[in-house]
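Heads up, run06.txt below (compact mmCIF, C-alpha atoms):
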# COMPACT_ATOMS: atom_id res chain seq x y z
CA MET A 1 16.14 10.34 17.99
CA ASN A 2 14.83 8.58 21.02
CA LYS A 3 11.45 7.08 20.35
CA VAL A 4 11.29 4.79 17.35
CA ILE A 5 8.29 2.88 15.99
CA ILE A 6 8.87 -0.21 13.89
CA VAL A 7 6.02 -1.59 11.78
CA GLY A 8 6.41 -5.29 10.94
CA CYS A 9 8.01 -7.86 13.20
CA GLY A 10 9.53 -10.27 10.73
CA ARG A 11 13.22 -11.15 10.67
CA VAL A 12 14.29 -7.60 9.85
CA GLY A 13 11.81 -5.82 12.13
CA SER A 14 12.46 -8.01 15.16
CA LYS A 15 16.26 -7.88 14.91
CA MET A 16 16.21 -4.14 14.35
CA ALA A 17 13.92 -3.69 17.36
CA ILE A 18 16.24 -5.71 19.61
CA ASP A 19 19.38 -3.95 18.35
CA LEU A 20 17.89 -0.45 18.74
CA ASN A 21 16.53 -1.40 22.15
CA ASN A 22 20.04 -2.49 23.20
CA GLN A 23 21.40 0.81 21.93
CA GLY A 24 19.13 2.73 24.28
CA TYR A 25 16.26 3.70 21.96
CA LYS A 26 12.67 3.56 23.17
CA VAL A 27 11.22 1.11 20.68
CA THR A 28 7.59 0.22 19.92
CA VAL A 29 6.89 -2.62 17.51
CA ILE A 30 3.59 -3.07 15.65
CA ASP A 31 2.54 -6.29 13.93
CA ARG A 32 -0.90 -7.61 13.05
CA ASP A 33 0.14 -11.14 14.06
CA PRO A 34 0.58 -11.64 17.82
CA LEU A 35 2.77 -14.69 17.12
CA ALA A 36 5.23 -12.55 15.17
CA LEU A 37 5.75 -10.37 18.25
CA ARG A 38 6.93 -13.44 20.16
CA LYS A 39 10.25 -13.09 18.35
CA LEU A 40 10.90 -10.25 20.79
CA ASP A 41 10.41 -12.19 24.03
CA ASP A 42 13.02 -12.22 26.86
CA VAL A 43 15.46 -9.69 25.55
CA PHE A 44 13.21 -6.89 24.37
CA THR A 45 12.10 -4.24 26.88
CA GLY A 46 10.14 -1.93 24.52
CA ASN A 47 6.41 -1.94 23.70
CA LYS A 48 4.58 -4.41 21.49
CA ILE A 49 1.30 -3.60 19.79
CA VAL A 50 -0.95 -5.97 17.86
CA GLY A 51 -2.61 -4.23 14.93
CA THR A 52 -2.13 -2.98 11.41
CA GLY A 53 0.15 -0.03 10.76
CA ILE A 54 -2.26 1.52 8.27
CA ASP A 55 -4.75 2.14 11.10
CA GLU A 56 -4.42 5.64 12.58
CA GLU A 57 -5.69 4.47 15.98
CA VAL A 58 -3.06 1.75 16.16
CA LEU A 59 -0.37 4.29 15.29
CA ILE A 60 -1.67 6.71 17.93
CA ASN A 61 -1.64 3.89 20.51
CA ALA A 62 1.95 3.24 19.53
CA GLY A 63 2.74 6.86 20.39
CA ILE A 64 3.27 8.14 16.86
CA GLU A 65 2.52 11.73 17.92
CA LYS A 66 5.68 11.75 20.03
CA ALA A 67 7.83 9.48 17.88
CA SER A 68 11.04 10.86 16.46
CA ALA A 69 11.24 8.15 13.81
CA LEU A 70 9.23 5.37 12.20
CA ILE A 71 10.62 2.49 10.16
CA THR A 72 8.14 0.35 8.25
CA VAL A 73 9.27 -3.12 7.22
CA ALA A 74 5.94 -4.94 6.87
CA LYS A 75 5.49 -7.77 4.38
CA GLY A 76 4.06 -5.91 1.41
CA ASP A 77 5.54 -2.87 -0.33
CA ASN A 78 2.14 -1.23 -0.54
CA THR A 79 1.53 -1.53 3.19
CA ASN A 80 4.89 0.16 3.84
CA ILE A 81 4.09 2.88 1.30
CA MET A 82 0.76 3.66 2.97
CA VAL A 83 2.15 3.50 6.54
CA GLY A 84 5.06 5.70 5.49
CA GLN A 85 2.84 8.38 3.96
CA ILE A 86 0.41 8.42 6.91
CA SER A 87 3.38 8.87 9.25
CA LYS A 88 5.09 11.56 7.21
CA PHE A 89 2.16 13.59 5.92
CA ILE A 90 -0.52 13.14 8.59
CA PHE A 91 1.49 12.73 11.80
CA ASN A 92 4.57 14.69 10.65
CA VAL A 93 7.02 12.16 12.10
CA PRO A 94 10.47 13.79 11.68
CA LYS A 95 12.09 10.72 10.13
CA VAL A 96 10.22 8.03 8.20
CA ILE A 97 12.00 5.16 6.50
CA LEU A 98 10.22 2.55 4.41
CA ARG A 99 11.21 -0.69 2.83
CA ILE A 100 10.27 -1.16 -0.82
CA VAL A 101 11.36 -4.40 -2.46
CA ASP A 102 10.57 -3.29 -6.02
CA PRO A 103 13.44 -1.06 -7.26
CA LYS A 104 11.30 0.86 -9.78
CA CYS A 105 8.69 1.65 -7.19
CA LYS A 106 11.37 2.68 -4.71
CA LYS A 107 12.77 5.19 -7.20
CA PHE A 108 9.32 6.70 -7.75
CA TYR A 109 8.53 7.12 -4.05
CA GLU A 110 11.95 8.61 -3.40
CA GLU A 111 11.98 11.05 -6.30
CA LYS A 112 8.32 11.98 -6.73
CA ILE A 113 6.87 11.63 -3.24
CA GLY A 114 10.01 12.49 -1.27
CA MET A 115 10.12 9.42 0.97
CA ILE A 116 13.28 7.85 2.41
CA CYS A 117 13.26 4.31 1.04
CA TYR A 118 15.44 1.28 1.47
CA CYS A 119 15.42 -1.33 -1.28
CA GLN A 120 16.98 -4.58 -0.15
CA THR A 121 16.75 -5.97 -3.67
CA GLU A 122 19.23 -3.36 -4.93
CA VAL A 123 21.51 -3.72 -1.93
CA SER A 124 21.63 -7.51 -2.01
CA VAL A 125 22.12 -7.71 -5.78
CA ASN A 126 25.12 -5.38 -5.46
CA SER A 127 26.49 -7.52 -2.65
CA TYR A 128 26.10 -10.77 -4.60
CA ILE A 129 27.91 -9.27 -7.57
CA LYS A 130 30.74 -8.06 -5.34
CA LEU A 131 31.04 -11.50 -3.74
CA LEU A 132 31.04 -13.08 -7.19
CA LYS A 133 33.93 -10.87 -8.18
CA GLY A 134 35.79 -11.68 -4.98
CA GLU A 135 35.36 -8.16 -3.59
CA GLU A 136 34.60 -7.43 0.04
CA ILE A 137 31.19 -6.29 1.18
CA CYS A 138 30.48 -4.09 4.17
CA ILE A 139 28.27 -5.64 6.83
CA MET B 1 -12.18 6.61 -23.53
CA TYR B 2 -9.55 4.15 -22.43
CA ILE B 3 -10.20 2.92 -18.89
CA ILE B 4 -8.04 0.64 -16.75
CA ILE B 5 -9.67 -1.18 -13.86
CA VAL B 6 -7.48 -2.95 -11.32
CA GLY B 7 -9.13 -5.73 -9.32
CA ALA B 8 -11.32 -8.35 -10.99
CA GLY B 9 -13.67 -9.02 -8.11
CA LYS B 10 -17.44 -8.74 -8.48
CA ALA B 11 -17.35 -4.94 -8.70
CA GLY B 12 -14.43 -4.92 -11.16
CA TYR B 13 -16.03 -7.50 -13.42
CA TYR B 14 -19.45 -5.87 -13.40
CA LEU B 15 -18.02 -2.41 -14.02
CA THR B 16 -15.91 -3.71 -16.92
CA LYS B 17 -18.99 -5.20 -18.57
CA THR B 18 -20.99 -2.01 -18.01
CA LEU B 19 -18.32 0.28 -19.45
CA MET B 20 -17.74 -2.05 -22.41
CA ASP B 21 -21.47 -1.93 -23.18
CA GLU B 22 -21.12 1.85 -23.26
CA ASN B 23 -18.44 1.40 -25.94
CA HIS B 24 -15.45 2.35 -23.82
CA GLU B 25 -12.17 0.55 -24.27
CA VAL B 26 -11.51 -1.24 -21.00
CA THR B 27 -8.67 -3.34 -19.61
CA LEU B 28 -9.28 -5.23 -16.40
CA VAL B 29 -6.11 -6.14 -14.49
CA ASP B 30 -5.77 -8.81 -11.81
CA TRP B 31 -2.90 -10.60 -10.10
CA ASN B 32 -4.86 -13.80 -9.41
CA PHE B 33 -4.05 -16.23 -12.23
CA ASP B 34 -7.05 -18.54 -11.75
CA ARG B 35 -9.46 -15.64 -11.65
CA VAL B 36 -8.01 -14.16 -14.83
CA LYS B 37 -8.18 -17.51 -16.66
CA LYS B 38 -11.81 -17.94 -15.65
CA LEU B 39 -12.85 -14.45 -16.79
CA GLU B 40 -10.82 -14.65 -19.99
CA MET B 41 -13.50 -16.88 -21.54
CA ASP B 42 -15.96 -14.03 -21.18
CA LEU B 43 -13.74 -10.96 -21.53
CA GLY B 44 -11.06 -12.15 -23.96
CA ASP B 45 -8.24 -9.66 -24.43
CA SER B 46 -9.91 -7.16 -22.13
CA ILE B 47 -8.52 -8.87 -19.04
CA ILE B 48 -4.82 -9.27 -18.31
CA TYR B 49 -2.79 -11.06 -15.67
CA ALA B 50 -0.51 -8.46 -14.07
CA SER B 51 0.16 -6.71 -10.80
CA GLY B 52 -1.80 -3.49 -11.12
CA SER B 53 0.03 -1.88 -8.22
CA SER B 54 3.42 -2.15 -9.91
CA ILE B 55 4.95 0.09 -12.56
CA ASP B 56 5.56 -2.92 -14.84
CA GLY B 57 1.99 -4.18 -14.49
CA LEU B 58 0.43 -0.80 -15.20
CA ASP B 59 2.79 -0.32 -18.13
CA LEU B 60 1.68 -3.67 -19.56
CA SER B 61 -1.94 -2.59 -19.34
CA GLY B 62 -1.19 0.54 -21.38
CA CYS B 63 -1.44 3.01 -18.52
CA SER B 64 0.45 5.77 -20.29
CA ARG B 65 -2.43 6.22 -22.74
CA ALA B 66 -5.24 5.68 -20.23
CA ASP B 67 -7.84 8.37 -19.57
CA ILE B 68 -9.01 6.88 -16.27
CA VAL B 69 -7.54 4.41 -13.78
CA ILE B 70 -9.92 2.79 -11.31
CA ALA B 71 -8.49 0.95 -8.29
CA LEU B 72 -11.02 -1.62 -7.13
CA THR B 73 -8.98 -4.14 -5.16
CA GLY B 74 -9.96 -5.32 -1.70
CA ASP B 75 -6.88 -3.74 -0.10
CA ASP B 76 -6.77 0.00 0.50
CA GLU B 77 -2.96 0.10 0.52
CA ASP B 78 -2.96 -1.40 -2.99
CA ASN B 79 -5.61 1.06 -4.18
CA LEU B 80 -3.53 3.95 -2.84
CA VAL B 81 -0.42 2.83 -4.75
CA ILE B 82 -2.37 2.11 -7.96
CA CYS B 83 -3.78 5.64 -8.02
CA GLN B 84 -0.50 7.32 -7.07
CA LEU B 85 1.42 5.47 -9.78
CA GLY B 86 -1.40 6.11 -12.26
CA SER B 87 -1.55 9.85 -11.71
CA GLN B 88 2.01 10.74 -10.77
CA TYR B 89 4.08 8.20 -12.69
CA PHE B 90 1.96 7.66 -15.81
CA GLY B 91 0.25 11.06 -15.81
CA VAL B 92 -3.31 9.72 -15.98
CA LYS B 93 -5.74 12.63 -15.62
CA LYS B 94 -8.39 10.90 -13.51
CA THR B 95 -8.03 8.20 -10.88
CA ILE B 96 -10.77 6.68 -8.78
CA ALA B 97 -9.98 4.66 -5.65
CA ARG B 98 -12.26 2.31 -3.82
CA ILE B 99 -12.01 2.48 -0.04
CA ASN B 100 -12.73 -0.77 1.74
CA ASN B 101 -12.30 0.52 5.28
CA PRO B 102 -14.30 3.77 5.79
CA LYS B 103 -11.61 4.87 8.26
CA ASN B 104 -9.26 5.37 5.34
CA SER B 105 -11.49 7.94 3.65
CA LYS B 106 -9.86 10.80 5.58
CA ILE B 107 -6.34 9.50 4.96
CA PHE B 108 -6.96 9.22 1.19
CA LYS B 109 -8.28 12.77 1.10
CA ILE B 110 -5.30 14.19 3.01
CA LEU B 111 -2.92 12.33 0.71
CA GLY B 112 -4.64 13.98 -2.27
CA MET B 113 -6.04 10.84 -3.81
CA GLY B 114 -8.69 12.53 -5.96
CA THR B 115 -12.00 10.72 -6.26
CA VAL B 116 -12.67 8.06 -3.65
CA VAL B 117 -15.63 5.70 -3.42
CA SER B 118 -16.64 3.68 -0.40
CA GLY B 119 -19.23 0.96 -0.87
CA ILE B 120 -19.81 0.70 2.86
CA ILE B 121 -20.36 4.43 3.33
CA ALA B 122 -22.66 4.60 0.27
CA ILE B 123 -24.81 1.66 1.39
CA SER B 124 -24.96 2.94 4.97
CA GLU B 125 -26.09 6.38 3.82
CA ILE B 126 -28.80 5.00 1.54
CA ILE B 127 -30.16 2.69 4.22
CA ASP B 128 -29.87 5.40 6.86
CA ASN B 129 -31.83 7.80 4.64
CA TYR B 130 -34.48 5.16 4.10
CA VAL B 131 -34.75 4.49 7.85
CA THR B 132 -34.91 8.22 8.64
CA VAL B 133 -37.60 8.86 6.02
CA ARG B 134 -39.69 5.95 7.29
CA LYS B 135 -39.44 7.25 10.85
CA SER B 136 -40.55 10.79 10.00

Starting from the coordinates I provided, produce the structure as C-alpha cells.
Amino acid sequence: MNKVIIVGCGRVGSKMAIDLNNQGYKVTVIDRDPLALRKLDDVFTGNKIVGTGIDEEVLINAGIEKASALITVAKGDNTNIMVGQISKFIFNVPKVILRIVDPKCKKFYEEKIGMICYCQTEVSVNSYIKLLKGEEICI
Amino acid sequence: MYIIIVGAGKAGYYLTKTLMDENHEVTLVDWNFDRVKKLEMDLGDSIIYASGSSIDGLDLSGCSRADIVIALTGDDEDNLVICQLGSQYFGVKKTIARINNPKNSKIFKILGMGTVVSGIIAISEIIDNYVTVRKS
C-alpha cells in the first residue's frame, strides 16, 4: 500500500493527502481546480495534477497503472462513482474507496456493484445522535 | 411504452415532444427548477422536478414501471449513474446513455452501459462521410 491517488482536493482530500504523505505514502492528488491544489503547499511533498478524475489520460498521468490504492472524494457523488468504477474495472487498482453522500446510493454501489464506499452522511448522523445522548464518539 | 428521459435540455425537450407525438407515455426529469417551471407550461404533468441520478428522483418519476430510461444530461458521470440505477436498481430493460465526451465511449462500453449515443461522434461521422464522398 505505497502509492495512493486521491481525487478531489477539498477539505477532506487535502487533509488526507497531507496525513498520508506524513505517514510515508507516495501520494498523488488530482483536482480540476489549480487553486484547490494550493491547499497542499509547503508541507506536501507528493505530486499534484490538474485535471478531471474521469479522464483516463489524467489518471494515467497520475500513475494509476502502478497505484496500490485510489480514494475519490470529489465534490459530486456521480463523479466519485465514475472515477471509482474506471479505477476498479478498467485499471484494476487493488483498493478503490469512494465517497458517496447519499446513503441509498451508497448501499446500491456497495451491494450491487461491489465498491468500497464511505458515506459521511451516515457517519456524521450517528455521531450527532451519540453526542446528543451524551455518549462518546471515536475520532 | 413508458419512457423516462433525464435532462431537459434541447435534446431532452425535443425527444419528449417527438415520443409524445408517437403516443408514448413520457416523463421528462430535470433538477433545474427554473427550467422545469418554464417547460411545465408546454408539457404539463409530463415534466417533473427531481434529481434523475438519485434513487428517490427516479422512484418519483415511476422508474420501476418504465420500459426505457434515457440519460440525456450534459454530464457523463450523471448519465452513467442514471443508467446504472435504472437497469440494476429498478430493473428497467433498456437504458440509453448520451455521451458528451467521445473519450468516454470506451469506458461506458467496458462498464456494460448498454446503448450509448454520442452527438459529437454522430455529427463528425456524417460530415466526414460527406467530405469523403465529395472528394472521391

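You will find atom CA of A:Ile100 at 17.4 Å from atom CA of A:Ala69.
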
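Within 9 Å of chain A, chain B contributes the residues Ser53, Ser54, Ile55, Asp56, Asp76, Glu77, Asp78, Asn79, Leu80, Val81, Leu85, Gln88, Tyr89, Lys103, Asn104, Ile107, Ile110 and Leu111 of chain B, using all atoms listed in the file.
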
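The shell of residues at most 6 Å from A:Leu70, with only C-alpha atoms counted and near chain neighbours (fewer than 4 positions) removed, consists of A:Val4, A:Ile5, A:Ile6, A:Val96.
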
Could you take the residues named above and write them with C-alpha atoms, as a short mmCIF file (atom, residue, chain, number, x, y, z; two decimals), in the coordinates of the input?
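Output file out_26.cif follows:
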data_model
loop_
_atom_site.label_atom_id
_atom_site.label_comp_id
_atom_site.auth_asym_id
_atom_site.auth_seq_id
_atom_site.Cartn_x
_atom_site.Cartn_y
_atom_site.Cartn_z
CA VAL A 4 11.29 4.79 17.35
CA ILE A 5 8.29 2.88 15.99
CA ILE A 6 8.87 -0.21 13.89
CA VAL A 96 10.22 8.03 8.20
#

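For the choices A:Gln120, A:Asn47, A:Glu65, A:Val73, the atom-to-atom distance to A:Lys15 is smallest for A:Val73 when using only C-alpha atoms.
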
Check: What lies within 8 Å of B:Tyr49 using all atoms listed in the file, ignoring chain neighbours under 5 positions off, as a list of chain:residue names?
Finding: B:Val29, B:Asp30, B:Trp31, B:Asn32, B:Phe33, B:Val36

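Relative to atom CA of B:Val26, atom CA of B:Gly9 is found at 15.2 Å.
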
Next item on the list: Taking the point (-5.4, 13.3, -3.7) as given in the file, collect each protein or nucleic acid residue that comes within 12 Å of it, counting all atoms listed in the file, and present the set as a ChimeraX atom specification.
Entry: /B:80-81,83-84,86-88,93-97,105-116

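Coordinates place atom CA of A:Cys119 at a distance of 25.5 Å from atom CA of A:Ile49.
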
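Minimum distance to A:Asn22 across A:Val50, A:Ile97, A:Val125, A:Val43 (counting all atoms listed in the file) occurs at A:Val43.
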
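Every protein or nucleic acid residue with an atom no more than 12 Å from A:Cys138, counting only C-alpha atoms and leaving out same-chain residues fewer than 4 positions away, appears here: Val123, Ser124, Asn126, Ser127, Tyr128, Lys130 and Leu131 of chain A.
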
Next item on the list: Go through B:Ser118, B:Asn23, B:Ser61, B:Ser46 one by one, measure the shortest atom-to-atom distance of each to B:Thr73 using only C-alpha atoms, and give the residue with the smallest value.
Entry: B:Ser118

Next item on the list: Name all residues at most 12 Å from B:Asp42 (count only C-alpha atoms; drop same-chain ones fewer than 3 positions away) and give them as a VMD selection string.
Entry: chain B and resid 13 to 14 16 to 17 35 to 39 45 to 47

Draw an axis-aligned box over all listed atoms of stretch 70-73 of chain A, pad each side with 3 Å, and write its centre and edge lengths in Å, one decimal, as lines of an AutoDock Vina configuration file.
center_x = 9.4
center_y = 1.1
center_z = 9.7
size_x = 8.5
size_y = 14.5
size_z = 11.0

Tell me which protein, DNA and RNA residues are within 12 Å of A:Gly51, counting all atoms listed in the file, leaving out same-chain ones fewer than 6 positions away, and put them as a tab-separated table (two decimals) with C-alpha atoms, in the coordinates of the input.
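Saved to part.tsv:
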chain	number	residue	atom	x	y	z
A	7	VAL	CA	6.02	-1.59	11.78
A	8	GLY	CA	6.41	-5.29	10.94
A	9	CYS	CA	8.01	-7.86	13.20
A	29	VAL	CA	6.89	-2.62	17.51
A	30	ILE	CA	3.59	-3.07	15.65
A	31	ASP	CA	2.54	-6.29	13.93
A	32	ARG	CA	-0.90	-7.61	13.05
A	33	ASP	CA	0.14	-11.14	14.06
A	34	PRO	CA	0.58	-11.64	17.82
A	35	LEU	CA	2.77	-14.69	17.12
A	36	ALA	CA	5.23	-12.55	15.17
A	37	LEU	CA	5.75	-10.37	18.25
A	57	GLU	CA	-5.69	4.47	15.98
A	58	VAL	CA	-3.06	1.75	16.16
A	59	LEU	CA	-0.37	4.29	15.29
A	60	ILE	CA	-1.67	6.71	17.93
A	61	ASN	CA	-1.64	3.89	20.51
A	62	ALA	CA	1.95	3.24	19.53
A	74	ALA	CA	5.94	-4.94	6.87

Since the input lacks some atoms of stretch 108-131 of chain B, please model N, CA and C atoms and print them as a PDB file, keeping the file's coordinate frame.
ATOM      1  N   PHE B 108      -7.048   9.079   2.645  1.00  0.00           N
ATOM      2  CA  PHE B 108      -6.960   9.220   1.190  1.00  0.00           C
ATOM      3  C   PHE B 108      -7.135  10.673   0.773  1.00  0.00           C
ATOM      4  N   LYS B 109      -8.037  11.382   1.451  1.00  0.00           N
ATOM      5  CA  LYS B 109      -8.280  12.770   1.100  1.00  0.00           C
ATOM      6  C   LYS B 109      -7.059  13.632   1.415  1.00  0.00           C
ATOM      7  N   ILE B 110      -6.479  13.410   2.613  1.00  0.00           N
ATOM      8  CA  ILE B 110      -5.300  14.190   3.010  1.00  0.00           C
ATOM      9  C   ILE B 110      -4.139  13.925   2.059  1.00  0.00           C
ATOM     10  N   LEU B 111      -4.017  12.677   1.614  1.00  0.00           N
ATOM     11  CA  LEU B 111      -2.920  12.330   0.710  1.00  0.00           C
ATOM     12  C   LEU B 111      -3.201  12.755  -0.738  1.00  0.00           C
ATOM     13  N   GLY B 112      -4.319  13.438  -0.945  1.00  0.00           N
ATOM     14  CA  GLY B 112      -4.640  13.980  -2.270  1.00  0.00           C
ATOM     15  C   GLY B 112      -4.947  12.930  -3.309  1.00  0.00           C
ATOM     16  N   MET B 113      -5.792  11.969  -2.927  1.00  0.00           N
ATOM     17  CA  MET B 113      -6.040  10.840  -3.810  1.00  0.00           C
ATOM     18  C   MET B 113      -7.133  11.079  -4.848  1.00  0.00           C
ATOM     19  N   GLY B 114      -7.644  12.279  -4.958  1.00  0.00           N
ATOM     20  CA  GLY B 114      -8.690  12.530  -5.960  1.00  0.00           C
ATOM     21  C   GLY B 114      -9.998  11.874  -5.559  1.00  0.00           C
ATOM     22  N   THR B 115     -10.677  11.286  -6.531  1.00  0.00           N
ATOM     23  CA  THR B 115     -12.000  10.720  -6.260  1.00  0.00           C
ATOM     24  C   THR B 115     -11.891   9.410  -5.477  1.00  0.00           C
ATOM     25  N   VAL B 116     -12.630   9.314  -4.399  1.00  0.00           N
ATOM     26  CA  VAL B 116     -12.670   8.060  -3.650  1.00  0.00           C
ATOM     27  C   VAL B 116     -14.120   7.592  -3.497  1.00  0.00           C
ATOM     28  N   VAL B 117     -14.294   6.278  -3.515  1.00  0.00           N
ATOM     29  CA  VAL B 117     -15.630   5.700  -3.420  1.00  0.00           C
ATOM     30  C   VAL B 117     -15.610   4.621  -2.347  1.00  0.00           C
ATOM     31  N   SER B 118     -16.547   4.727  -1.408  1.00  0.00           N
ATOM     32  CA  SER B 118     -16.640   3.680  -0.400  1.00  0.00           C
ATOM     33  C   SER B 118     -17.996   3.012  -0.471  1.00  0.00           C
ATOM     34  N   GLY B 119     -17.984   1.723  -0.788  1.00  0.00           N
ATOM     35  CA  GLY B 119     -19.230   0.960  -0.870  1.00  0.00           C
ATOM     36  C   GLY B 119     -19.954   0.950   0.462  1.00  0.00           C
ATOM     37  N   ILE B 120     -19.199   0.791   1.531  1.00  0.00           N
ATOM     38  CA  ILE B 120     -19.810   0.700   2.860  1.00  0.00           C
ATOM     39  C   ILE B 120     -20.484   2.017   3.241  1.00  0.00           C
ATOM     40  N   ILE B 121     -19.774   3.131   2.996  1.00  0.00           N
ATOM     41  CA  ILE B 121     -20.360   4.430   3.330  1.00  0.00           C
ATOM     42  C   ILE B 121     -21.611   4.677   2.487  1.00  0.00           C
ATOM     43  N   ALA B 122     -21.524   4.361   1.173  1.00  0.00           N
ATOM     44  CA  ALA B 122     -22.660   4.600   0.270  1.00  0.00           C
ATOM     45  C   ALA B 122     -23.884   3.791   0.710  1.00  0.00           C
ATOM     46  N   ILE B 123     -23.679   2.511   0.983  1.00  0.00           N
ATOM     47  CA  ILE B 123     -24.810   1.660   1.390  1.00  0.00           C
ATOM     48  C   ILE B 123     -25.386   2.141   2.721  1.00  0.00           C
ATOM     49  N   SER B 124     -24.495   2.473   3.663  1.00  0.00           N
ATOM     50  CA  SER B 124     -24.960   2.940   4.970  1.00  0.00           C
ATOM     51  C   SER B 124     -25.814   4.198   4.831  1.00  0.00           C
ATOM     52  N   GLU B 125     -25.351   5.128   3.987  1.00  0.00           N
ATOM     53  CA  GLU B 125     -26.090   6.380   3.820  1.00  0.00           C
ATOM     54  C   GLU B 125     -27.465   6.145   3.214  1.00  0.00           C
ATOM     55  N   ILE B 126     -27.509   5.274   2.200  1.00  0.00           N
ATOM     56  CA  ILE B 126     -28.800   5.000   1.540  1.00  0.00           C
ATOM     57  C   ILE B 126     -29.772   4.368   2.533  1.00  0.00           C
ATOM     58  N   ILE B 127     -29.276   3.377   3.267  1.00  0.00           N
ATOM     59  CA  ILE B 127     -30.160   2.690   4.220  1.00  0.00           C
ATOM     60  C   ILE B 127     -30.552   3.642   5.350  1.00  0.00           C
ATOM     61  N   ASP B 128     -29.577   4.440   5.792  1.00  0.00           N
ATOM     62  CA  ASP B 128     -29.870   5.400   6.860  1.00  0.00           C
ATOM     63  C   ASP B 128     -30.943   6.390   6.434  1.00  0.00           C
ATOM     64  N   ASN B 129     -30.820   6.881   5.188  1.00  0.00           N
ATOM     65  CA  ASN B 129     -31.830   7.800   4.640  1.00  0.00           C
ATOM     66  C   ASN B 129     -33.202   7.143   4.635  1.00  0.00           C
ATOM     67  N   TYR B 130     -33.223   5.901   4.196  1.00  0.00           N
ATOM     68  CA  TYR B 130     -34.480   5.160   4.100  1.00  0.00           C
ATOM     69  C   TYR B 130     -35.117   5.020   5.488  1.00  0.00           C
ATOM     70  N   VAL B 131     -34.272   4.648   6.491  1.00  0.00           N
ATOM     71  CA  VAL B 131     -34.750   4.490   7.850  1.00  0.00           C
ATOM     72  C   VAL B 131     -35.280   5.818   8.385  1.00  0.00           C
TER      73      VAL B 131
END
